[in-house]
file structure-v9.txt (compact mmCIF, C-alpha atoms)
# COMPACT_ATOMS: atom_id res chain seq x y z
CA MET Y 837 128.49 60.78 151.43
CA CYS Y 838 125.70 63.13 152.36
CA ALA Y 839 127.56 66.08 150.89
CA LEU Y 840 128.03 64.23 147.64
CA SER Y 841 124.37 63.27 147.42
CA LYS Y 842 123.35 66.91 147.59
CA ASN Y 843 125.41 68.13 144.67
CA THR Y 844 124.06 68.54 141.16
CA ALA Y 845 127.27 67.81 139.25
CA PHE Y 846 125.70 64.77 137.59
CA GLN Y 847 122.52 66.58 136.51
CA VAL Y 848 122.18 68.02 133.01
CA GLU Y 849 120.81 71.34 131.77
CA LEU Y 850 118.57 71.71 128.74
CA THR Y 851 120.82 73.86 126.53
CA ASN Y 852 122.51 73.43 123.15
CA ARG Y 853 125.85 73.93 124.90
CA GLN Y 854 125.11 71.03 127.26
CA ILE Y 855 124.05 68.84 124.33
CA ILE Y 856 127.21 69.58 122.34
CA LYS Y 857 129.35 69.17 125.46
CA MET Y 858 127.98 65.65 125.92
CA ALA Y 859 127.67 64.67 122.25
CA ALA Y 860 131.14 65.73 121.03
CA PRO Y 861 133.15 63.29 123.20
CA ILE Y 862 130.57 60.57 122.50
CA SER Y 863 131.10 61.18 118.77
CA LEU Y 864 134.82 60.60 119.23
CA ALA Y 865 134.20 57.48 121.30
CA ILE Y 866 131.90 56.09 118.58
CA LEU Y 867 134.33 57.22 115.88
CA ILE Y 868 137.19 55.08 117.21
CA PRO Y 869 135.56 51.65 116.66
CA GLN Y 870 134.50 52.85 113.22
CA ILE Y 871 138.06 54.00 112.51
CA ASN Y 872 139.22 50.54 113.52
CA PHE Y 873 136.75 48.90 111.12
CA VAL Y 874 137.64 51.30 108.32
CA THR Y 875 141.38 51.00 108.94
CA ASN Y 876 141.13 47.23 108.83
CA ASN Y 877 139.23 47.39 105.55
CA ILE Y 878 141.50 49.99 103.94
CA PHE Y 879 144.57 47.87 104.64
CA LEU Y 880 142.76 44.68 103.60
CA GLY Y 881 141.56 46.38 100.40
CA HIS Y 882 145.19 47.07 99.50
CA TYR Y 883 146.17 43.56 100.59
CA SER Y 884 143.61 41.68 98.43
CA LYS Y 885 140.04 42.08 97.18
CA GLN Y 886 139.16 38.65 98.58
CA ALA Y 887 140.27 39.69 102.08
CA LEU Y 888 138.11 42.82 101.80
CA ALA Y 889 135.13 40.73 100.71
CA VAL Y 890 135.52 38.22 103.58
CA ALA Y 891 135.84 41.11 106.04
CA GLY Y 892 132.31 42.13 105.09
CA VAL Y 893 130.79 38.92 106.50
CA THR Y 894 133.14 38.53 109.47
CA GLY Y 895 132.99 42.19 110.43
CA VAL Y 896 129.20 42.16 110.63
CA TYR Y 897 129.35 38.91 112.62
CA TYR Y 898 131.47 40.58 115.30
CA LEU Y 899 129.17 43.59 115.17
CA ILE Y 900 126.34 41.29 116.30
CA PHE Y 901 128.09 40.81 119.64
CA SER Y 902 129.19 44.42 119.74
CA ALA Y 903 125.55 45.41 119.29
CA ILE Y 904 124.54 43.14 122.17
CA GLY Y 905 127.07 44.96 124.35
CA TYR Y 906 125.73 48.25 123.02
CA GLY Y 907 122.21 47.24 124.06
CA LEU Y 908 123.44 46.36 127.55
CA ASN Y 909 125.31 49.66 127.61
CA ASN Y 910 122.21 51.65 126.59
CA GLY Y 911 120.06 50.09 129.30
CA LEU Y 912 122.76 50.66 131.90
CA GLN Y 913 123.24 54.23 130.69
CA ALA Y 914 119.54 55.03 131.13
CA LEU Y 915 119.61 53.62 134.67
CA ILE Y 916 122.81 55.47 135.60
CA ALA Y 917 121.48 58.73 134.13
CA ARG Y 918 118.26 58.33 136.13
CA ARG Y 919 120.26 57.81 139.35
CA ALA Y 920 122.45 60.79 138.44
CA GLY Y 921 119.36 62.95 137.97
CA GLU Y 922 118.13 61.75 141.37
CA ASN Y 923 121.57 62.46 142.97
CA ARG Y 924 122.12 58.85 144.15
CA PRO Y 925 125.82 58.20 143.30
CA GLU Y 926 126.23 55.11 145.48
CA GLU Y 927 123.55 53.34 143.46
CA ILE Y 928 125.55 54.06 140.30
CA GLY Y 929 128.49 51.99 141.61
CA LYS Y 930 126.18 49.10 142.40
CA LEU Y 931 124.68 49.16 138.90
CA PHE Y 932 128.09 49.32 137.26
CA SER Y 933 129.41 46.26 139.09
CA GLN Y 934 126.44 44.12 138.12
CA ALA Y 935 126.70 45.20 134.48
CA VAL Y 936 130.34 44.02 134.37
CA PHE Y 937 129.32 40.59 135.69
CA ILE Y 938 126.54 40.32 133.09
CA GLY Y 939 128.76 41.51 130.22
CA LEU Y 940 131.50 38.97 130.97
CA SER Y 941 128.93 36.16 131.11
CA ILE Y 942 127.52 37.11 127.70
CA SER Y 943 131.03 37.31 126.21
CA LEU Y 944 131.76 33.75 127.36
CA PHE Y 945 128.61 32.58 125.58
CA GLY Y 946 129.72 34.41 122.42
CA ILE Y 947 133.10 32.66 122.43
CA LEU Y 948 131.51 29.22 122.83
CA LEU Y 949 129.02 29.94 120.04
CA THR Y 950 131.78 31.05 117.65
CA TYR Y 951 133.70 27.81 118.12
CA THR Y 952 130.71 25.47 117.81
CA ILE Y 953 127.71 26.68 115.79
CA THR Y 954 129.05 29.58 113.71
CA PRO Y 955 131.23 27.50 111.30
CA ARG Y 956 128.21 25.41 110.31
CA LEU Y 957 126.04 28.50 109.93
CA PHE Y 958 128.57 30.16 107.61
CA GLY Y 959 128.76 26.92 105.61
CA TYR Y 960 125.11 27.25 104.59
CA PHE Y 961 125.68 30.64 102.94
CA ILE Y 962 129.33 30.95 101.87
CA THR Y 963 129.79 28.67 98.89
CA ASP Y 964 133.48 29.28 98.17
CA PRO Y 965 135.57 26.90 100.39
CA GLU Y 966 138.53 29.26 100.65
CA ARG Y 967 136.37 32.25 101.67
CA LEU Y 968 134.54 30.03 104.15
CA GLN Y 969 137.72 28.89 105.90
CA GLN Y 970 139.10 32.41 106.02
CA ALA Y 971 135.86 33.65 107.62
CA ILE Y 972 135.90 30.89 110.26
CA ASP Y 973 139.57 31.43 111.13
CA PHE Y 974 139.08 35.20 111.45
CA CYS Y 975 136.05 34.91 113.73
CA ARG Y 976 137.75 32.37 116.02
CA ILE Y 977 140.54 34.88 116.61
CA ARG Y 978 138.50 38.07 116.70
CA ILE Y 979 135.94 36.80 119.23
CA TRP Y 980 138.57 36.79 122.01
CA GLY Y 981 138.34 40.57 122.09
CA LEU Y 982 134.72 40.37 123.25
CA PRO Y 983 135.27 40.40 127.06
CA PHE Y 984 137.48 43.47 126.75
CA LEU Y 985 135.01 45.16 124.40
CA PHE Y 986 132.06 44.62 126.76
CA VAL Y 987 133.85 45.96 129.83
CA TYR Y 988 135.18 48.81 127.69
CA GLN Y 989 131.62 49.66 126.62
CA MET Y 990 130.55 49.93 130.27
CA ARG Y 991 132.65 53.04 130.64
CA ASN Y 992 130.42 54.69 128.01
CA ALA Y 993 127.36 54.14 130.17
CA LEU Y 994 129.18 55.29 133.29
CA LEU Y 995 130.72 58.48 131.90
CA VAL Y 996 127.86 59.53 129.63
CA GLY Y 997 125.22 58.72 132.25
CA THR Y 998 126.99 60.87 134.84
CA ASN Y 999 127.59 63.84 132.49
CA GLN Y 1000 131.35 63.18 132.23
CA SER Y 1001 131.65 62.14 128.58
CA ARG Y 1002 134.82 64.25 128.12
CA TYR Y 1003 136.82 61.46 129.78
CA LEU Y 1004 136.00 59.07 126.92
CA ILE Y 1005 138.64 60.67 124.73
CA GLY Y 1006 141.86 59.20 126.19
CA GLY Y 1007 140.94 55.54 125.80
CA ALA Y 1008 139.48 56.15 122.35
CA ILE Y 1009 142.67 57.74 121.02
CA ALA Y 1010 144.87 55.01 122.54
CA GLU Y 1011 142.72 52.30 120.94
CA ALA Y 1012 142.76 53.90 117.48
CA GLY Y 1013 146.52 54.51 117.49
CA THR Y 1014 147.25 50.94 118.54
CA ASN Y 1015 144.95 49.46 115.92
CA ILE Y 1016 146.36 51.52 113.02
CA LEU Y 1017 149.96 50.69 113.91
CA LEU Y 1018 149.35 46.96 114.37
CA ASP Y 1019 147.20 46.72 111.23
CA TYR Y 1020 150.13 48.03 109.22
CA LEU Y 1021 152.60 45.66 110.86
CA LEU Y 1022 150.54 42.46 111.06
CA ILE Y 1023 148.50 42.47 107.84
CA PHE Y 1024 151.50 43.05 105.57
CA GLY Y 1025 154.25 41.65 107.81
CA TYR Y 1026 156.34 44.79 108.15
CA GLY Y 1027 158.91 45.52 110.88
CA GLY Y 1028 159.88 41.90 111.32
CA PHE Y 1029 156.32 40.78 112.11
CA PRO Y 1030 154.75 37.79 110.30
CA GLU Y 1031 152.45 38.51 107.34
CA MET Y 1032 149.05 37.49 108.73
CA GLY Y 1033 146.71 39.09 106.17
CA LEU Y 1034 143.06 38.95 107.29
CA ASN Y 1035 143.95 37.36 110.64
CA GLY Y 1036 146.37 40.21 111.31
CA ALA Y 1037 143.40 42.59 111.37
CA ALA Y 1038 141.75 40.39 114.01
CA VAL Y 1039 144.81 40.30 116.26
CA SER Y 1040 145.43 44.05 116.01
CA SER Y 1041 141.81 44.82 116.91
CA ILE Y 1042 141.96 42.64 120.03
CA ILE Y 1043 145.15 44.27 121.29
CA ALA Y 1044 143.72 47.72 120.55
CA GLU Y 1045 140.61 46.95 122.63
CA ILE Y 1046 142.78 45.84 125.55
CA VAL Y 1047 144.87 49.03 125.37
CA GLY Y 1048 141.76 51.24 125.19
CA LEU Y 1049 140.26 49.43 128.18
CA LEU Y 1050 143.37 49.90 130.32
CA VAL Y 1051 143.74 53.59 129.46
CA VAL Y 1052 140.12 54.56 130.14
CA TYR Y 1053 140.05 52.82 133.52
CA LEU Y 1054 143.34 54.46 134.42
CA VAL Y 1055 141.67 57.82 133.68
CA ILE Y 1056 138.63 56.88 135.79
CA TRP Y 1057 140.90 55.99 138.71
CA LYS Y 1058 143.16 59.05 138.36
CA LYS Y 1059 140.23 61.49 138.20
CA GLY Y 1060 138.67 60.05 141.36
CA ILE Y 1061 135.54 58.93 139.51
CA SER Y 1062 135.75 55.40 140.90
CA ARG Y 1063 135.83 56.84 144.44
CA ASN Y 1064 133.04 59.38 143.91
CA LEU Y 1065 130.73 56.79 142.35
CA TYR Y 1066 131.66 53.93 144.71
CA LEU Y 1067 132.60 51.77 141.73
CA PHE Y 1068 134.56 49.03 143.43
CA GLN Y 1069 132.94 49.09 146.87
CA HIS Y 1070 130.09 46.86 145.73
CA PHE Y 1071 131.93 44.49 143.41
CA ARG Y 1072 129.84 41.47 144.30
CA TRP Y 1073 126.65 39.88 143.05
CA ASP Y 1074 123.57 41.98 143.81
CA GLY Y 1075 120.37 40.24 142.82
CA TYR Y 1076 118.17 43.34 142.97
CA ASN Y 1077 120.31 45.52 140.69
CA ALA Y 1078 121.11 42.60 138.40
CA ARG Y 1079 117.39 42.05 137.85
CA LEU Y 1080 116.92 45.78 137.30
CA ILE Y 1081 119.63 45.81 134.61
CA PHE Y 1082 118.21 42.67 132.99
CA SER Y 1083 114.73 44.20 132.97
CA MET Y 1084 115.98 47.40 131.34
CA SER Y 1085 118.72 46.01 129.09
CA ALA Y 1086 117.42 42.61 127.93
CA PRO Y 1087 114.96 44.13 125.43
CA LEU Y 1088 117.73 46.44 124.17
CA VAL Y 1089 120.25 43.59 123.91
CA PHE Y 1090 117.75 41.58 121.89
CA GLN Y 1091 116.82 44.68 119.90
CA HIS Y 1092 120.36 45.54 118.83
CA GLY Y 1093 121.28 41.87 118.39
CA ILE Y 1094 118.48 41.12 115.93
CA SER Y 1095 119.23 44.37 114.14
CA ILE Y 1096 122.77 43.27 113.32
CA VAL Y 1097 121.71 39.65 112.71
CA SER Y 1098 119.45 40.98 109.98
CA TRP Y 1099 122.44 42.85 108.59
CA GLU Y 1100 124.47 39.64 108.62
CA TYR Y 1101 121.61 38.03 106.69
CA PHE Y 1102 121.86 40.90 104.22
CA PHE Y 1103 125.59 40.27 103.70
CA LEU Y 1104 125.12 36.53 103.34
CA LEU Y 1105 122.56 37.21 100.59
CA ILE Y 1106 124.99 39.65 98.96
CA ASP Y 1107 127.63 36.89 98.85
CA ALA Y 1108 125.64 35.19 96.08
CA HIS Y 1109 125.95 38.38 93.97
CA GLY Y 1110 129.73 37.98 93.69
CA GLU Y 1111 132.97 39.17 95.22
CA VAL Y 1112 132.72 42.74 93.87
CA ALA Y 1113 129.18 43.21 95.21
CA LEU Y 1114 130.31 41.91 98.61
CA ALA Y 1115 133.34 44.20 98.67
CA VAL Y 1116 131.18 47.19 97.66
CA SER Y 1117 128.65 46.43 100.39
CA ASN Y 1118 131.40 46.05 102.98
CA THR Y 1119 132.70 49.49 102.00
CA MET Y 1120 129.17 50.91 102.21
CA ARG Y 1121 128.90 49.50 105.72
CA ASN Y 1122 132.06 51.39 106.65
CA ILE Y 1123 130.72 54.60 105.12
CA LEU Y 1124 127.38 54.25 106.90
CA GLY Y 1125 129.18 53.62 110.17
CA LEU Y 1126 131.34 56.72 109.78
CA ALA Y 1127 128.51 58.92 108.52
CA GLY Y 1128 126.27 57.81 111.39
CA ILE Y 1129 128.76 58.72 114.12
CA VAL Y 1130 127.27 62.15 114.81
CA THR Y 1131 123.72 60.80 114.64
CA TRP Y 1132 124.43 57.98 117.10
CA ALA Y 1133 126.20 60.45 119.40
CA PHE Y 1134 123.07 62.60 119.47
CA GLY Y 1135 121.02 59.44 120.01
CA SER Y 1136 123.14 58.39 122.99
CA THR Y 1137 122.94 61.92 124.36
CA THR Y 1138 119.15 61.84 123.94
CA ASN Y 1139 118.97 58.60 125.91
CA ALA Y 1140 121.04 60.00 128.81
CA MET Y 1141 119.48 63.47 128.90
CA VAL Y 1142 115.87 62.28 128.66
CA SER Y 1143 116.44 59.89 131.55
CA ASN Y 1144 118.34 62.52 133.54
CA ILE Y 1145 115.72 65.28 133.24
CA ILE Y 1146 112.93 62.81 134.05
CA GLY Y 1147 114.95 61.90 137.15
CA GLN Y 1148 114.97 65.61 138.02
CA GLY Y 1149 111.17 65.66 137.76
CA LYS Y 1150 111.12 67.76 134.56
CA GLN Y 1151 109.03 65.55 132.27
CA ASP Y 1152 107.44 68.61 130.67
CA GLN Y 1153 110.82 69.47 129.09
CA VAL Y 1154 111.31 66.17 127.22
CA TRP Y 1155 109.76 67.42 123.96
CA LEU Y 1156 111.82 70.59 124.09
CA LEU Y 1157 114.95 68.43 124.38
CA ILE Y 1158 113.88 66.20 121.47
CA GLY Y 1159 113.33 69.25 119.27
CA LYS Y 1160 116.85 70.52 119.97
CA MET Y 1161 118.31 67.07 119.24
CA ILE Y 1162 116.44 66.73 115.95
CA ARG Y 1163 117.65 70.07 114.65
CA LEU Y 1164 121.28 69.32 115.46
CA SER Y 1165 121.20 65.72 114.20
CA PHE Y 1166 119.27 66.46 111.00
CA GLY Y 1167 121.48 69.43 110.11
CA SER Y 1168 124.65 67.36 110.55
CA ALA Y 1169 123.23 64.54 108.40
CA ILE Y 1170 122.41 66.92 105.53
CA VAL Y 1171 126.01 68.20 105.46
CA ILE Y 1172 127.42 64.64 105.50
CA ALA Y 1173 125.07 63.49 102.72
CA ILE Y 1174 126.11 66.39 100.49
CA LEU Y 1175 129.82 65.67 101.01
CA LEU Y 1176 129.34 61.98 100.20
CA ASN Y 1177 127.67 62.79 96.90
CA LEU Y 1178 130.30 65.33 95.90
CA PHE Y 1179 133.36 63.10 96.32
CA PRO Y 1180 132.41 59.38 96.05
CA GLU Y 1181 135.23 58.37 93.66
CA TRP Y 1182 137.87 59.86 95.95
CA LEU Y 1183 136.37 57.94 98.83
CA PHE Y 1184 136.65 54.61 97.01
CA SER Y 1185 140.23 55.32 95.96
CA VAL Y 1186 141.17 55.31 99.65
CA TYR Y 1187 140.22 51.62 99.67
CA GLY Y 1188 142.43 51.05 96.62
CA GLN Y 1189 139.44 50.26 94.39
CA SER Y 1190 138.44 51.39 90.89
CA GLY Y 1191 136.76 50.17 87.67
CA GLU Y 1192 133.81 47.80 88.20
CA PHE Y 1193 133.89 48.43 91.94
CA VAL Y 1194 133.23 52.17 91.46
CA SER Y 1195 130.52 51.61 88.82
CA GLN Y 1196 128.58 49.44 91.30
CA ALA Y 1197 129.34 51.60 94.33
CA VAL Y 1198 128.35 55.10 93.15
CA PRO Y 1199 124.58 54.38 92.81
CA VAL Y 1200 124.63 52.79 96.27
CA VAL Y 1201 126.17 55.97 97.72
CA ARG Y 1202 123.19 57.96 96.38
CA VAL Y 1203 120.79 55.56 98.11
CA LEU Y 1204 122.85 55.60 101.29
CA SER Y 1205 122.83 59.40 101.48
CA ALA Y 1206 119.05 59.49 101.77
CA ALA Y 1207 119.19 56.73 104.41
CA ILE Y 1208 121.64 58.78 106.50
CA VAL Y 1209 119.20 61.70 106.56
CA MET Y 1210 116.33 59.41 107.59
CA MET Y 1211 118.51 57.88 110.28
CA SER Y 1212 119.23 61.31 111.81
CA PHE Y 1213 115.72 61.77 113.23
CA SER Y 1214 114.80 58.09 113.65
CA VAL Y 1215 117.72 57.44 116.04
CA VAL Y 1216 116.81 60.45 118.21
CA PHE Y 1217 113.19 59.34 118.65
CA LEU Y 1218 114.10 55.70 119.29
CA ASN Y 1219 116.61 56.74 121.99
CA ALA Y 1220 114.01 59.05 123.52
CA VAL Y 1221 111.80 55.98 123.99
CA THR Y 1222 114.70 54.15 125.66
CA GLY Y 1223 115.58 57.12 127.88
CA SER Y 1224 111.98 57.31 129.06
CA GLY Y 1225 112.48 53.84 130.57
CA ASN Y 1226 110.38 51.88 128.09
CA SER Y 1227 112.94 49.52 126.57
CA ARG Y 1228 110.26 46.91 125.84
CA VAL Y 1229 108.48 49.37 123.59
CA SER Y 1230 111.71 50.09 121.69
CA LEU Y 1231 112.17 46.32 121.27
CA LEU Y 1232 108.71 45.95 119.73
CA ILE Y 1233 109.46 48.84 117.38
CA GLU Y 1234 112.74 47.18 116.34
CA ILE Y 1235 111.06 43.82 115.71
CA PHE Y 1236 108.45 45.52 113.53
CA ALA Y 1237 111.18 47.22 111.47
CA ILE Y 1238 113.38 44.10 111.22
CA VAL Y 1239 110.57 41.83 109.99
CA LEU Y 1240 109.74 44.20 107.13
CA TYR Y 1241 113.46 44.72 106.42
CA CYS Y 1242 114.15 40.97 106.14
CA VAL Y 1243 111.13 40.36 103.93
CA TYR Y 1244 112.29 43.14 101.63
CA ILE Y 1245 115.90 41.98 101.26
CA HIS Y 1246 114.79 38.37 100.76
CA LEU Y 1247 112.52 39.38 97.90
CA VAL Y 1248 114.93 41.84 96.30
CA LEU Y 1249 118.28 40.05 96.70
CA ASP Y 1250 117.26 36.39 96.71
CA LYS Y 1251 113.91 35.82 94.99
CA PHE Y 1252 114.13 38.50 92.26
CA PHE Y 1253 117.95 38.80 92.39
CA LEU Y 1254 117.97 42.54 91.72
CA SER Y 1255 121.11 44.67 91.92
CA ILE Y 1256 122.64 45.63 95.26
CA THR Y 1257 121.48 49.23 94.71
CA TYR Y 1258 117.89 48.07 95.23
CA GLY Y 1259 119.06 45.91 98.12
CA TRP Y 1260 120.49 48.94 99.92
CA MET Y 1261 117.13 50.72 99.60
CA SER Y 1262 116.15 48.46 102.50
CA GLU Y 1263 117.77 51.11 104.71
CA TRP Y 1264 115.01 53.56 103.73
CA LEU Y 1265 112.34 51.09 104.83
CA TYR Y 1266 114.17 50.26 108.05
CA TRP Y 1267 114.66 53.81 109.32
CA MET Y 1268 111.12 54.90 108.50
CA CYS Y 1269 109.75 51.85 110.32
CA LEU Y 1270 111.75 52.89 113.38
CA PHE Y 1271 110.74 56.52 113.23
CA LEU Y 1272 106.96 56.34 112.87
CA PRO Y 1273 106.14 54.10 115.91
CA SER Y 1274 108.75 55.92 118.08
CA PHE Y 1275 107.24 59.31 117.22
CA LEU Y 1276 103.69 58.12 117.85
CA TYR Y 1277 104.65 56.56 121.18
CA MET Y 1278 106.39 59.68 122.48
CA ARG Y 1279 103.47 61.84 121.32
CA SER Y 1280 101.01 59.59 123.19
CA ASN Y 1281 102.63 60.56 126.54
CA ARG Y 1282 102.26 56.96 127.75
CA TRP Y 1283 105.86 57.11 128.92
CA LYS Y 1284 105.08 59.64 131.64
CA GLY Y 1285 105.19 58.25 135.16
CA LYS Y 1286 107.43 55.30 134.23
CA VAL Y 1287 109.68 54.40 137.20
CA ILE Y 1288 113.04 52.62 136.73
call {"tool": "encode", "arguments": {"input": "structure-v9.txt", "output": "structure tokens"}}
result
Amino acid sequence: MCALSKNTAFQVELTNRQIIKMAAPISLAILIPQINFVTNNIFLGHYSKQALAVAGVTGVYYLIFSAIGYGLNNGLQALIARRAGENRPEEIGKLFSQAVFIGLSISLFGILLTYTITPRLFGYFITDPERLQQAIDFCRIRIWGLPFLFVYQMRNALLVGTNQSRYLIGGAIAEAGTNILLDYLLIFGYGGFPEMGLNGAAVSSIIAEIVGLLVVYLVIWKKGISRNLYLFQHFRWDGYNARLIFSMSAPLVFQHGISIVSWEYFFLLIDAHGEVALAVSNTMRNILGLAGIVTWAFGSTTNAMVSNIIGQGKQDQVWLLIGKMIRLSFGSAIVIAILLNLFPEWLFSVYGQSGEFVSQAVPVVRVLSAAIVMMSFSVVFLNAVTGSGNSRVSLLIEIFAIVLYCVYIHLVLDKFFLSITYGWMSEWLYWMCLFLPSFLYMRSNRWKGKVI
């Protein structure tokens, strides 16, 4: 144990090579859930336009819980990275065990909520009875994947926080392959399977999450990571570490949760603009998710590396790290934005859509491209705040951005009933409202000396 505590294998170096080495596997790990969402929607788009439209509301609903898990994961990741920087591997195992307990408890709450309150909530916004019933049925199936998703997300925090993100790849590939195959079989009813339509996408996603979970934990066991980090030697309730995780993650859970809730509100307002507008917006959500993969990977890397180098006692290097992250993230976003604007019609044809759909979608792509560029530097600064250990500050920043975002979409989409192109300009407001306070906070140096 003493020999292990003296090594520096879990500490990071401040180089572009180190950043890319961490960010590339994270990009793949983030890409897989997005591939699952996109695959579901591509198959559903070819199945029926109504199924694609309903998937917009239901997909964002599940993303609310996914975002809660992501918030828990981000808080855990910052804590694990700090312990890795301090060379305290046994503490990493203790933190991991408590996070699993907390994640499973939250997933149980999500399942109960979906079966009780959610149907009534959807009923207030979805006016078409058939679309309403389809949305309820889908969510009541899809929500059973939540426990597997949450535990699966913990491996992100563990592997990224300990500078071992390369091991994310196996589970990610297994999950994507399973989802694509089962989408094809269950949505359309091929290979002797029943034709389940929208519900087939829900079932395939659950099974894919289970497969991904099993594969990644098999890798962790085979590589000796569970032994080196004492993962299952402290698999019991630990009040001290549980409170530490709650203190760090609760603001992030709330932060990411309200962020996606506001997005659900956006989609519920879009529903009143018609089936085509809803289908277009669902497709835009897929595009934003795919385009943001690299940005979110750099954001996650920022979180882990900021916390790690602070744990090493190198606070003076935080701004140097942020500068490197910004250049890489911003450059990637520019390339993606250019590609989106060059080939939008081809992109929509993948979803089996044309005509009125394309005429509404192309202007939104132009708006979305600018939002992707804004997101590239906003995400880095917000994750720098989290990595510094000040999750409550990042929560306040998120609340500030969400309030202005919701006021904007209410006025534009509901009160004045403007086109969805103006509605999607809310992304510009949102990302700028995240960037400015995050930048000012990091520049103030108030984060220095924070102990977690």
call {"tool": "residues_around", "arguments": {"input": "structure-v9.txt", "residues": "Gln847 of chain Y", "least_positions_apart": "6", "cutoff": "8 Å", "atoms": "all atoms listed in the file", "output": "mmCIF file with C-alpha atoms, in the frame of the given file"}}
result
data_model
loop_
_atom_site.group_PDB
_atom_site.id
_atom_site.type_symbol
_atom_site.label_atom_id
_atom_site.label_comp_id
_atom_site.auth_asym_id
_atom_site.auth_seq_id
_atom_site.Cartn_x
_atom_site.Cartn_y
_atom_site.Cartn_z
ATOM 1 C CA ALA Y 920 122.450 60.790 138.440
ATOM 2 C CA GLY Y 921 119.360 62.950 137.970
ATOM 3 C CA ASN Y 923 121.570 62.460 142.970
ATOM 4 C CA THR Y 998 126.990 60.870 134.840
ATOM 5 C CA ASN Y 999 127.590 63.840 132.490
ATOM 6 C CA ASN Y 1144 118.340 62.520 133.540
ATOM 7 C CA ILE Y 1145 115.720 65.280 133.240
ATOM 8 C CA GLN Y 1148 114.970 65.610 138.020
#
call {"tool": "closest_residue", "arguments": {"input": "structure-v9.txt", "among": "Y:Phe1179, Y:Phe1082, Y:Tyr1277, Y:Tyr898", "to": "Gly911 of chain Y", "atoms": "all atoms listed in the file"}}
result
Y:Phe1082
call {"tool": "closest_residue", "arguments": {"input": "structure-v9.txt", "among": "Y:Asn1118, Y:Ser1143, Y:Ser941, Y:Ser1062", "to": "Leu982 of chain Y", "atoms": "all atoms listed in the file"}}
result
Y:Ser941
call {"tool": "atom_distance", "arguments": {"input": "structure-v9.txt", "atom1": "atom CA of Arg967 of chain Y", "atom2": "atom CA of Leu1034 of chain Y"}}
result
11.0 Å
call {"tool": "residues_around", "arguments": {"input": "structure-v9.txt", "residues": "Ala889 of chain Y", "least_positions_apart": "3", "cutoff": "9 Å", "atoms": "only C-alpha atoms", "output": "PyMOL selection string"}}
result
chain Y and resi 881+884-886+892-893+967+1107+1111-1118
call {"tool": "closest_residue", "arguments": {"input": "structure-v9.txt", "among": "Y:Val1216, Y:Cys975, Y:Leu899, Y:Val1201", "to": "Lys1160 of chain Y", "atoms": "only C-alpha atoms"}}
result
Y:Val1216
call {"tool": "atom_distance", "arguments": {"input": "structure-v9.txt", "atom1": "atom CA of Ile947 of chain Y", "atom2": "atom CA of Val1055 of chain Y"}}
result
28.9 Å
call {"tool": "closest_residue", "arguments": {"input": "structure-v9.txt", "among": "Y:Ala1220, Y:Val1130, Y:Val1097, Y:Ile1170", "to": "Cys1242 of chain Y", "atoms": "all atoms listed in the file"}}
result
Y:Val1097
call {"tool": "atom_distance", "arguments": {"input": "structure-v9.txt", "atom1": "atom CA of Ile1235 of chain Y", "atom2": "atom CA of Asn1281 of chain Y"}}
result
21.6 Å
call {"tool": "residues_around", "arguments": {"input": "structure-v9.txt", "residues": "Val1186 of chain Y", "least_positions_apart": "6", "cutoff": "10 Å", "atoms": "only C-alpha atoms", "output": "PyMOL selection string"}}
result
chain Y and resi 878-879+881-882
call {"tool": "closest_residue", "arguments": {"input": "structure-v9.txt", "among": "Y:Leu1156, Y:Ile855, Y:Leu1276, Y:Leu994", "to": "Ile1061 of chain Y", "atoms": "all atoms listed in the file"}}
result
Y:Leu994
call {"tool": "build_atoms", "arguments": {"input": "structure-v9.txt", "residues": "segment 949-957 of chain Y", "atoms": "N, CA and C atoms", "output": "PDB file, in the frame of the given file"}}
result
ATOM      1  N   LEU Y 949     129.837  29.997 121.254  1.00  0.00           N
ATOM      2  CA  LEU Y 949     129.020  29.940 120.040  1.00  0.00           C
ATOM      3  C   LEU Y 949     129.889  30.003 118.789  1.00  0.00           C
ATOM      4  N   THR Y 950     130.906  30.853 118.809  1.00  0.00           N
ATOM      5  CA  THR Y 950     131.780  31.050 117.650  1.00  0.00           C
ATOM      6  C   THR Y 950     132.575  29.787 117.321  1.00  0.00           C
ATOM      7  N   TYR Y 951     132.911  29.014 118.337  1.00  0.00           N
ATOM      8  CA  TYR Y 951     133.700  27.810 118.120  1.00  0.00           C
ATOM      9  C   TYR Y 951     132.857  26.583 117.817  1.00  0.00           C
ATOM     10  N   THR Y 952     131.554  26.657 117.997  1.00  0.00           N
ATOM     11  CA  THR Y 952     130.710  25.470 117.810  1.00  0.00           C
ATOM     12  C   THR Y 952     129.713  25.610 116.654  1.00  0.00           C
ATOM     13  N   ILE Y 953     128.827  26.583 116.739  1.00  0.00           N
ATOM     14  CA  ILE Y 953     127.710  26.680 115.790  1.00  0.00           C
ATOM     15  C   ILE Y 953     128.034  27.543 114.579  1.00  0.00           C
ATOM     16  N   THR Y 954     128.790  28.615 114.779  1.00  0.00           N
ATOM     17  CA  THR Y 954     129.050  29.580 113.710  1.00  0.00           C
ATOM     18  C   THR Y 954     129.657  28.968 112.442  1.00  0.00           C
ATOM     19  N   PRO Y 955     130.675  28.075 112.536  1.00  0.00           N
ATOM     20  CA  PRO Y 955     131.230  27.500 111.300  1.00  0.00           C
ATOM     21  C   PRO Y 955     130.186  26.806 110.436  1.00  0.00           C
ATOM     22  N   ARG Y 956     129.260  26.087 111.082  1.00  0.00           N
ATOM     23  CA  ARG Y 956     128.210  25.410 110.310  1.00  0.00           C
ATOM     24  C   ARG Y 956     127.243  26.417 109.697  1.00  0.00           C
ATOM     25  N   LEU Y 957     126.943  27.467 110.441  1.00  0.00           N
ATOM     26  CA  LEU Y 957     126.040  28.500 109.930  1.00  0.00           C
ATOM     27  C   LEU Y 957     126.632  29.175 108.698  1.00  0.00           C
TER      28      LEU Y 957
END
